[in-house]
file query.txt (compact mmCIF, C-alpha atoms)
# COMPACT_ATOMS: atom_id res chain seq x y z
CA LEU A 436 32.41 -3.63 37.80
CA TYR A 437 35.65 -2.81 39.58
CA HIS A 438 36.96 -6.36 39.18
CA LEU A 439 35.82 -6.55 35.57
CA PHE A 440 37.14 -3.25 34.28
CA ALA A 441 39.87 -2.13 36.70
CA GLU A 442 41.51 -5.49 37.36
CA ASN A 443 40.13 -7.50 34.43
CA LYS A 444 39.33 -10.41 36.72
CA ILE A 445 36.10 -11.94 35.46
CA LYS A 446 35.90 -14.72 38.06
CA LYS A 447 36.30 -12.31 40.96
CA GLY A 448 33.72 -10.00 39.43
CA ILE A 449 31.17 -12.77 39.02
CA PHE A 450 31.87 -14.07 42.53
CA PHE A 451 31.40 -10.59 43.98
CA LEU A 452 28.10 -10.09 42.11
CA ILE A 453 26.75 -13.44 43.32
CA ALA A 454 27.84 -12.72 46.90
CA ALA A 455 26.28 -9.25 46.76
CA ALA A 456 23.02 -10.63 45.33
CA LEU A 457 22.77 -13.30 48.03
CA THR A 458 23.47 -10.72 50.73
CA VAL A 459 20.77 -8.37 49.42
CA ILE A 460 18.23 -11.19 49.15
CA THR A 461 19.02 -12.33 52.69
CA LEU A 462 18.62 -8.83 54.11
CA PHE A 463 15.36 -8.21 52.25
CA LEU A 464 13.96 -11.71 52.85
CA PRO A 465 11.56 -10.67 55.67
CA LEU A 466 10.17 -7.88 53.48
CA ILE A 467 9.88 -10.19 50.46
CA MET A 468 8.10 -12.87 52.51
CA GLN A 469 5.58 -10.34 53.79
CA ASN A 470 4.91 -8.27 50.65
CA GLY A 471 6.30 -10.35 47.80
CA LEU A 472 7.96 -8.21 45.16
CA ASP A 473 5.25 -5.52 45.17
CA PHE A 474 7.50 -3.15 47.12
CA ILE A 475 9.93 -2.98 44.18
CA THR A 476 8.54 -0.16 42.09
CA PHE A 477 9.41 3.15 40.50
CA TYR A 478 7.82 6.29 41.87
CA PRO A 479 5.79 8.17 39.24
CA SER A 480 7.23 11.52 40.34
CA LEU A 481 10.76 12.80 40.81
CA VAL A 482 12.22 15.26 43.29
CA LYS A 483 13.00 18.67 41.85
CA TRP A 484 16.67 19.53 41.67
CA ASN A 485 16.30 22.76 43.60
CA MET A 486 14.97 20.67 46.50
CA VAL A 487 17.93 18.31 46.18
CA ILE A 488 20.36 21.22 46.44
CA MET A 489 18.46 22.77 49.35
CA ASN A 490 18.36 19.49 51.28
CA LEU A 491 22.05 18.82 50.67
CA THR A 492 22.91 22.30 51.88
CA TYR A 493 20.77 21.76 54.97
CA LEU A 494 22.22 18.34 55.82
CA ILE A 495 25.87 19.09 55.04
CA GLY A 496 25.97 22.78 55.85
CA LEU A 497 26.74 25.76 53.67
CA LEU A 498 30.28 26.18 55.03
CA ALA A 499 31.13 22.49 54.67
CA LEU A 500 29.68 22.37 51.17
CA ALA A 501 31.62 25.46 50.07
CA PHE A 502 34.83 24.15 51.64
CA LEU A 503 34.29 20.79 49.94
CA VAL A 504 34.12 22.49 46.54
CA VAL A 505 37.32 24.43 47.26
CA LEU A 506 39.03 21.28 48.56
CA MET A 507 38.15 19.33 45.41
CA ILE A 508 39.49 22.12 43.21
CA ILE A 509 42.75 22.28 45.16
CA SER A 510 43.18 18.49 45.26
CA SER A 511 42.08 17.73 41.71
CA LYS A 512 45.69 17.72 40.48
CA ASN A 513 46.41 14.69 42.68
CA ILE A 514 43.59 12.49 41.40
CA ASN A 515 45.40 10.91 38.45
CA ASN A 516 48.50 10.02 40.46
CA VAL A 517 46.48 8.53 43.30
CA LEU A 518 44.30 6.45 40.96
CA LYS A 519 47.40 4.97 39.33
CA LYS A 520 48.89 3.90 42.66
CA ASP A 521 45.92 2.94 44.83
CA LYS A 522 43.30 0.43 43.67
CA ASN A 523 41.12 1.09 46.71
CA THR A 524 40.73 4.68 45.55
CA ILE A 525 39.55 3.41 42.17
CA PHE A 526 36.97 1.26 43.92
CA ALA A 527 35.77 4.20 46.05
CA LEU A 528 35.50 6.51 43.05
CA SER A 529 33.68 3.85 41.03
CA THR A 530 31.16 3.40 43.84
CA ILE A 531 30.56 7.15 44.09
CA ILE A 532 30.02 7.43 40.35
CA LEU A 533 27.66 4.44 40.35
CA ILE A 534 25.51 5.77 43.21
CA CYS A 535 25.37 9.27 41.75
CA SER A 536 24.51 7.86 38.31
CA PHE A 537 21.55 5.95 39.71
CA PHE A 538 20.42 9.08 41.52
CA LEU A 539 20.66 11.14 38.34
CA ILE A 540 18.44 8.62 36.58
CA CYS A 541 15.92 8.45 39.43
CA PRO A 542 16.26 11.47 41.75
CA TYR A 543 13.73 10.58 44.43
CA GLU A 544 15.14 11.46 47.85
CA VAL A 545 18.44 13.09 48.82
CA GLU A 546 18.90 10.41 51.47
CA TYR A 547 19.53 7.90 48.67
CA LEU A 548 22.94 9.55 48.28
CA LEU A 549 23.95 8.66 51.85
CA PRO A 550 25.70 5.38 50.86
CA ALA A 551 28.16 7.45 48.83
CA ILE A 552 29.31 9.53 51.82
CA PRO A 553 31.82 7.07 53.39
CA PHE A 554 33.32 6.36 49.97
CA ALA A 555 33.50 10.10 49.27
CA LEU A 556 35.30 10.77 52.55
CA PHE A 557 37.72 7.93 51.82
CA PHE A 558 38.36 9.26 48.32
CA ILE A 559 38.93 12.80 49.58
CA SER A 560 41.32 11.53 52.25
CA LYS A 561 43.42 9.94 49.52
CA ILE A 562 43.69 12.98 47.26
CA SER A 563 43.99 15.66 49.93
CA ASN A 564 46.13 16.28 52.99
CA ARG A 565 45.11 15.49 56.54
CA ARG A 566 44.78 19.12 57.63
CA LEU A 567 42.16 19.93 55.00
CA ILE A 568 40.29 16.71 55.76
CA THR A 569 40.24 17.64 59.44
CA ILE A 570 38.78 21.06 58.65
CA LEU A 571 36.10 19.47 56.47
CA CYS A 572 35.12 16.99 59.19
CA VAL A 573 34.97 19.77 61.79
CA LEU A 574 32.66 21.78 59.53
CA LEU A 575 30.44 18.75 58.98
CA ILE A 576 30.16 18.15 62.72
CA LEU A 577 29.69 21.87 63.40
CA ASN A 578 26.63 21.94 61.15
CA SER A 579 24.89 19.63 63.62
CA PHE A 580 25.05 22.33 66.28
CA VAL A 581 25.41 25.67 64.45
CA SER A 582 24.06 26.39 60.99
CA ILE A 583 25.60 29.09 58.82
CA SER A 584 23.10 30.33 56.29
CA THR A 585 22.44 33.27 54.00
CA PRO A 586 21.09 36.63 55.27
CA PRO A 587 19.02 37.68 57.10
CA ASN A 588 19.47 34.71 59.48
CA ILE A 589 23.19 34.07 59.09
CA ILE A 590 23.71 32.03 62.26
CA GLU A 591 21.02 29.59 63.36
CA LYS A 592 20.69 26.46 65.44
CA GLY A 593 22.16 23.33 63.89
CA VAL A 594 20.42 20.29 62.50
CA ILE A 595 20.23 18.47 65.85
CA PHE A 596 18.51 21.33 67.67
CA ASP A 597 16.35 22.11 64.66
CA GLU A 598 15.15 18.52 64.31
CA THR A 599 14.55 18.19 68.06
CA HIS A 600 12.41 21.33 68.11
CA LEU A 601 10.60 20.18 64.97
CA ASN A 602 9.77 16.78 66.49
CA ILE A 603 8.41 18.42 69.63
CA GLU A 604 6.19 20.70 67.56
CA LYS A 605 5.04 17.76 65.43
CA THR A 606 4.02 15.84 68.54
CA LYS A 607 2.06 18.82 69.88
CA THR A 608 0.34 19.32 66.54
CA THR A 609 -0.50 15.64 66.27
CA GLN A 610 -2.05 15.63 69.73
CA LYS A 611 -4.16 18.67 68.81
CA ILE A 612 -5.47 16.85 65.75
CA ILE A 613 -6.27 13.75 67.80
CA ASP A 614 -8.29 15.93 70.17
CA MET A 615 -10.18 17.67 67.36
CA PRO A 616 -13.85 16.69 66.77
CA LEU A 617 -13.39 15.20 63.30
CA ASN A 618 -16.14 12.63 62.98
CA ASP A 619 -16.33 10.32 59.95
CA SER A 620 -12.95 11.34 58.61
CA ILE A 621 -9.71 9.83 57.37
CA ILE A 622 -6.42 11.65 57.82
CA ILE A 623 -3.55 11.17 55.39
CA SER A 624 -0.72 11.67 57.85
CA GLY A 625 2.46 11.25 55.79
CA GLU A 626 5.56 11.79 57.92
CA TYR A 627 3.35 12.28 60.99
CA TYR A 628 2.16 8.68 60.85
CA PRO A 629 4.72 7.26 63.35
CA ILE A 630 3.68 9.94 65.85
CA PHE A 631 0.02 9.09 65.35
CA ARG A 632 0.84 5.44 65.73
CA TYR A 633 2.58 6.03 69.05
CA LEU A 634 0.00 8.41 70.52
CA ILE A 635 -3.08 6.54 69.37
CA ALA A 636 -1.75 3.07 70.16
CA SER A 637 -1.37 4.15 73.78
CA SER A 638 -4.95 5.43 73.90
CA ASP A 639 -7.82 3.35 75.27
CA LYS A 640 -10.13 4.80 72.63
CA SER A 641 -8.45 3.13 69.68
CA GLN A 642 -8.22 -0.37 68.35
CA ILE A 643 -5.77 -1.73 65.84
CA LEU A 644 -7.22 -2.81 62.52
CA PRO A 645 -5.41 -5.32 60.28
CA VAL A 646 -3.16 -3.73 57.67
CA GLU A 647 -3.81 -4.81 54.11
CA ASN A 648 -0.85 -6.78 52.77
CA ASN A 649 -0.29 -4.51 49.80
CA THR A 650 2.22 -1.69 49.70
CA LYS A 651 0.11 0.27 47.21
CA LYS A 652 -3.13 0.23 49.22
CA ASN A 653 -2.76 1.34 52.80
CA ILE A 654 -5.99 1.19 54.79
CA PRO A 655 -6.16 3.03 58.13
CA SER A 656 -4.11 1.12 60.65
CA TYR A 657 -5.56 2.96 63.63
CA TRP A 658 -9.19 3.81 64.15
CA ASP A 659 -10.99 5.95 66.70
CA THR A 660 -14.25 4.07 67.17
CA GLU A 661 -15.99 6.94 68.97
CA SER A 662 -15.53 9.44 66.15
CA ASN A 663 -15.20 6.88 63.33
CA ARG A 664 -11.86 8.37 62.36
CA GLY A 665 -8.99 6.59 60.58
CA TYR A 666 -5.32 7.39 60.14
CA VAL A 667 -3.21 6.30 57.18
CA TYR A 668 0.30 7.04 55.99
CA MET A 669 -0.74 7.52 52.35
CA ALA A 670 -3.21 6.06 49.88
CA ASP A 671 -3.82 5.87 46.16
CA ALA A 672 -6.55 7.80 44.37
CA ASP A 673 -8.92 4.82 44.18
CA GLU A 674 -8.87 4.42 47.95
CA ILE A 675 -9.53 8.14 48.45
CA ILE A 676 -12.53 8.05 46.12
CA LYS A 677 -13.82 4.88 47.77
CA TRP A 678 -13.67 6.48 51.21
CA GLN A 679 -15.35 9.64 49.95
CA ASN A 680 -18.17 7.60 48.43
CA LYS A 681 -18.70 6.07 51.85
CA GLY A 682 -19.16 9.54 53.32
CA TYR A 683 -15.74 10.11 54.84
CA LYS A 684 -14.13 13.53 54.85
CA ILE A 685 -10.48 13.25 53.77
CA TYR A 686 -7.82 15.43 55.35
CA TYR A 687 -4.09 15.54 54.77
CA MET A 688 -1.38 16.82 57.08
CA GLY A 689 0.28 19.67 55.28
CA ARG A 690 2.50 19.92 52.25
CA SER A 691 4.66 16.93 53.23
CA ALA A 692 1.72 14.51 53.14
CA CYS A 693 0.60 16.00 49.85
CA SER A 694 4.05 15.75 48.26
CA THR A 695 4.60 12.21 49.60
CA THR A 696 1.34 11.11 48.01
CA GLU A 697 2.21 12.79 44.73
CA LEU A 698 5.68 11.25 44.78
CA ASN A 699 4.38 7.71 45.33
CA TYR A 700 1.05 7.73 43.52
CA GLY A 701 1.33 10.59 41.04
CA TYR A 702 -1.73 12.63 41.96
CA ASP A 703 -2.54 15.77 43.93
CA LEU A 704 -4.72 15.33 47.02
CA ASN A 705 -6.22 18.78 46.43
CA ALA A 706 -7.51 17.59 43.06
CA LEU A 707 -9.70 15.08 44.92
CA ASN A 708 -11.15 17.74 47.24
CA CYS A 709 -9.06 16.73 50.23
CA SER A 710 -8.52 19.39 52.89
CA ASN A 711 -5.34 20.55 54.58
CA ILE A 712 -5.97 19.85 58.24
CA PHE A 713 -3.31 22.35 59.31
CA GLU A 714 -5.66 25.13 58.25
CA SER A 715 -7.91 24.03 61.11
CA VAL A 716 -5.14 23.80 63.70
CA LYS A 717 -4.31 27.09 65.38
call {"tool": "encode", "arguments": {"input": "query.txt", "output": "structure tokens"}}
result
Amino acid sequence: LYHLFAENKIKKGIFFLIAAALTVITLFLPLIMQNGLDFITFYPSLVKWNMVIMNLTYLIGLLALAFLVVLMIISSKNINNVLKKDKNTIFALSTIILICSFFLICPYEVEYLLPAIPFALFFISKISNRRLITILCVLLILNSFVSISTPPNIIEKGVIFDETHLNIEKTKTTQKIIDMPLNDSIIISGEYYPIFRYLIASSDKSQILPVENNTKKNIPSYWDTESNRGYVYMADADEIIKWQNKGYKIYYMGRSACSTTELNYGYDLNALNCSNIFESVK
């Protein structure tokens, strides 16, 4: 698009598109060979915008986000002059607009905006002065260690400490669930699935079952043969009903597993009489 519209060079634009397509196909070739094209799909549900704003504030930091807004207002007068002189800035801005446009059409996860960050920093560095850019970068780094929030908890631990503590608690909770006497059950684990996979794979009580080669139907990958218990990342409604008809009790691991299922398959686990296992973990 940059070559076509900014430089009016059709050959370069076509060459770039072909090169980009070949690169993408090469990178995704292992996934395509394993799953075909079934993994290319639209989620039936979208992320709410209040969650997008909350997650952005959490990842970037309230101070950095506020300073970024002020910086853009101060530097906005330089945008036209920079775009006229620097073609790389046009390319960066075009990329940012393209990524954000796709996200506006399909707002699934905030992380899908991550590819725009390096282009955004490059663009800001072109329209602003080095001192302001330095302050912004310091605030972004600071958010990893110290989080500035709204009252009553104005100063809290940063993202790194918060995520570390959260992962420790997740591991403890997962181990408690593994030790619980849940016979004839299947647990929809969601984001806890990698932890289950690690803990159960190292256990002598479990055996690995083959994973169905279909991204829309995930059967339990790990099974406790003593308690006849399975663990699965997520599953569609038909699989849930099928397991229930076989006498299995279906649990899900908190709101995240429920929202992940709703995001990917468009139904509420509670509507199928699935139970929140966290209510049993004290």
call {"tool": "closest_residue", "arguments": {"input": "query.txt", "among": "A:Val459, A:Met615, A:Ala527, A:Leu707", "to": "Trp678 in chain A", "atoms": "all atoms listed in the file"}}
result
A:Leu707
call {"tool": "atom_distance", "arguments": {"input": "query.txt", "atom1": "CA of Gln679 in chain A", "atom2": "CA of Ser710 in chain A"}}
result
12.3 Å
call {"tool": "atom_distance", "arguments": {"input": "query.txt", "atom1": "CA of Ile613 in chain A", "atom2": "CA of Tyr700 in chain A"}}
result
26.1 Å
call {"tool": "residues_around", "arguments": {"input": "query.txt", "residues": "Tyr687 in chain A", "least_positions_apart": "3", "cutoff": "8 Å", "atoms": "all atoms listed in the file", "output": "PyMOL selection string"}}
result
chain A and resi 622-625+692-693+704+709-712
call {"tool": "residues_around", "arguments": {"input": "query.txt", "residues": "Ser582 in chain A", "least_positions_apart": "6", "cutoff": "7 Å", "atoms": "all atoms listed in the file", "output": "PyMOL selection string"}}
result
chain A and resi 496+590-593
call {"tool": "residues_around", "arguments": {"input": "query.txt", "residues": "Ser694 in chain A", "least_positions_apart": "4", "cutoff": "9 Å", "atoms": "all atoms listed in the file", "output": "list in words"}}
result
Gly625, Gly689, Arg690, Leu698, Asn699, Asp703 and Leu704 of chain A
call {"tool": "atom_distance", "arguments": {"input": "query.txt", "atom1": "CA of Leu518 in chain A", "atom2": "CA of Pro553 in chain A"}}
result
17.6 Å
call {"tool": "closest_residue", "arguments": {"input": "query.txt", "among": "A:Pro629, A:Pro616, A:Gly701, A:Gly682", "to": "Glu661 in chain A", "atoms": "only C-alpha atoms"}}
result
A:Pro616
call {"tool": "closest_residue", "arguments": {"input": "query.txt", "among": "A:Ile559, A:Ala670, A:Leu634, A:Leu457", "to": "Val504 in chain A", "atoms": "all atoms listed in the file"}}
result
A:Ile559
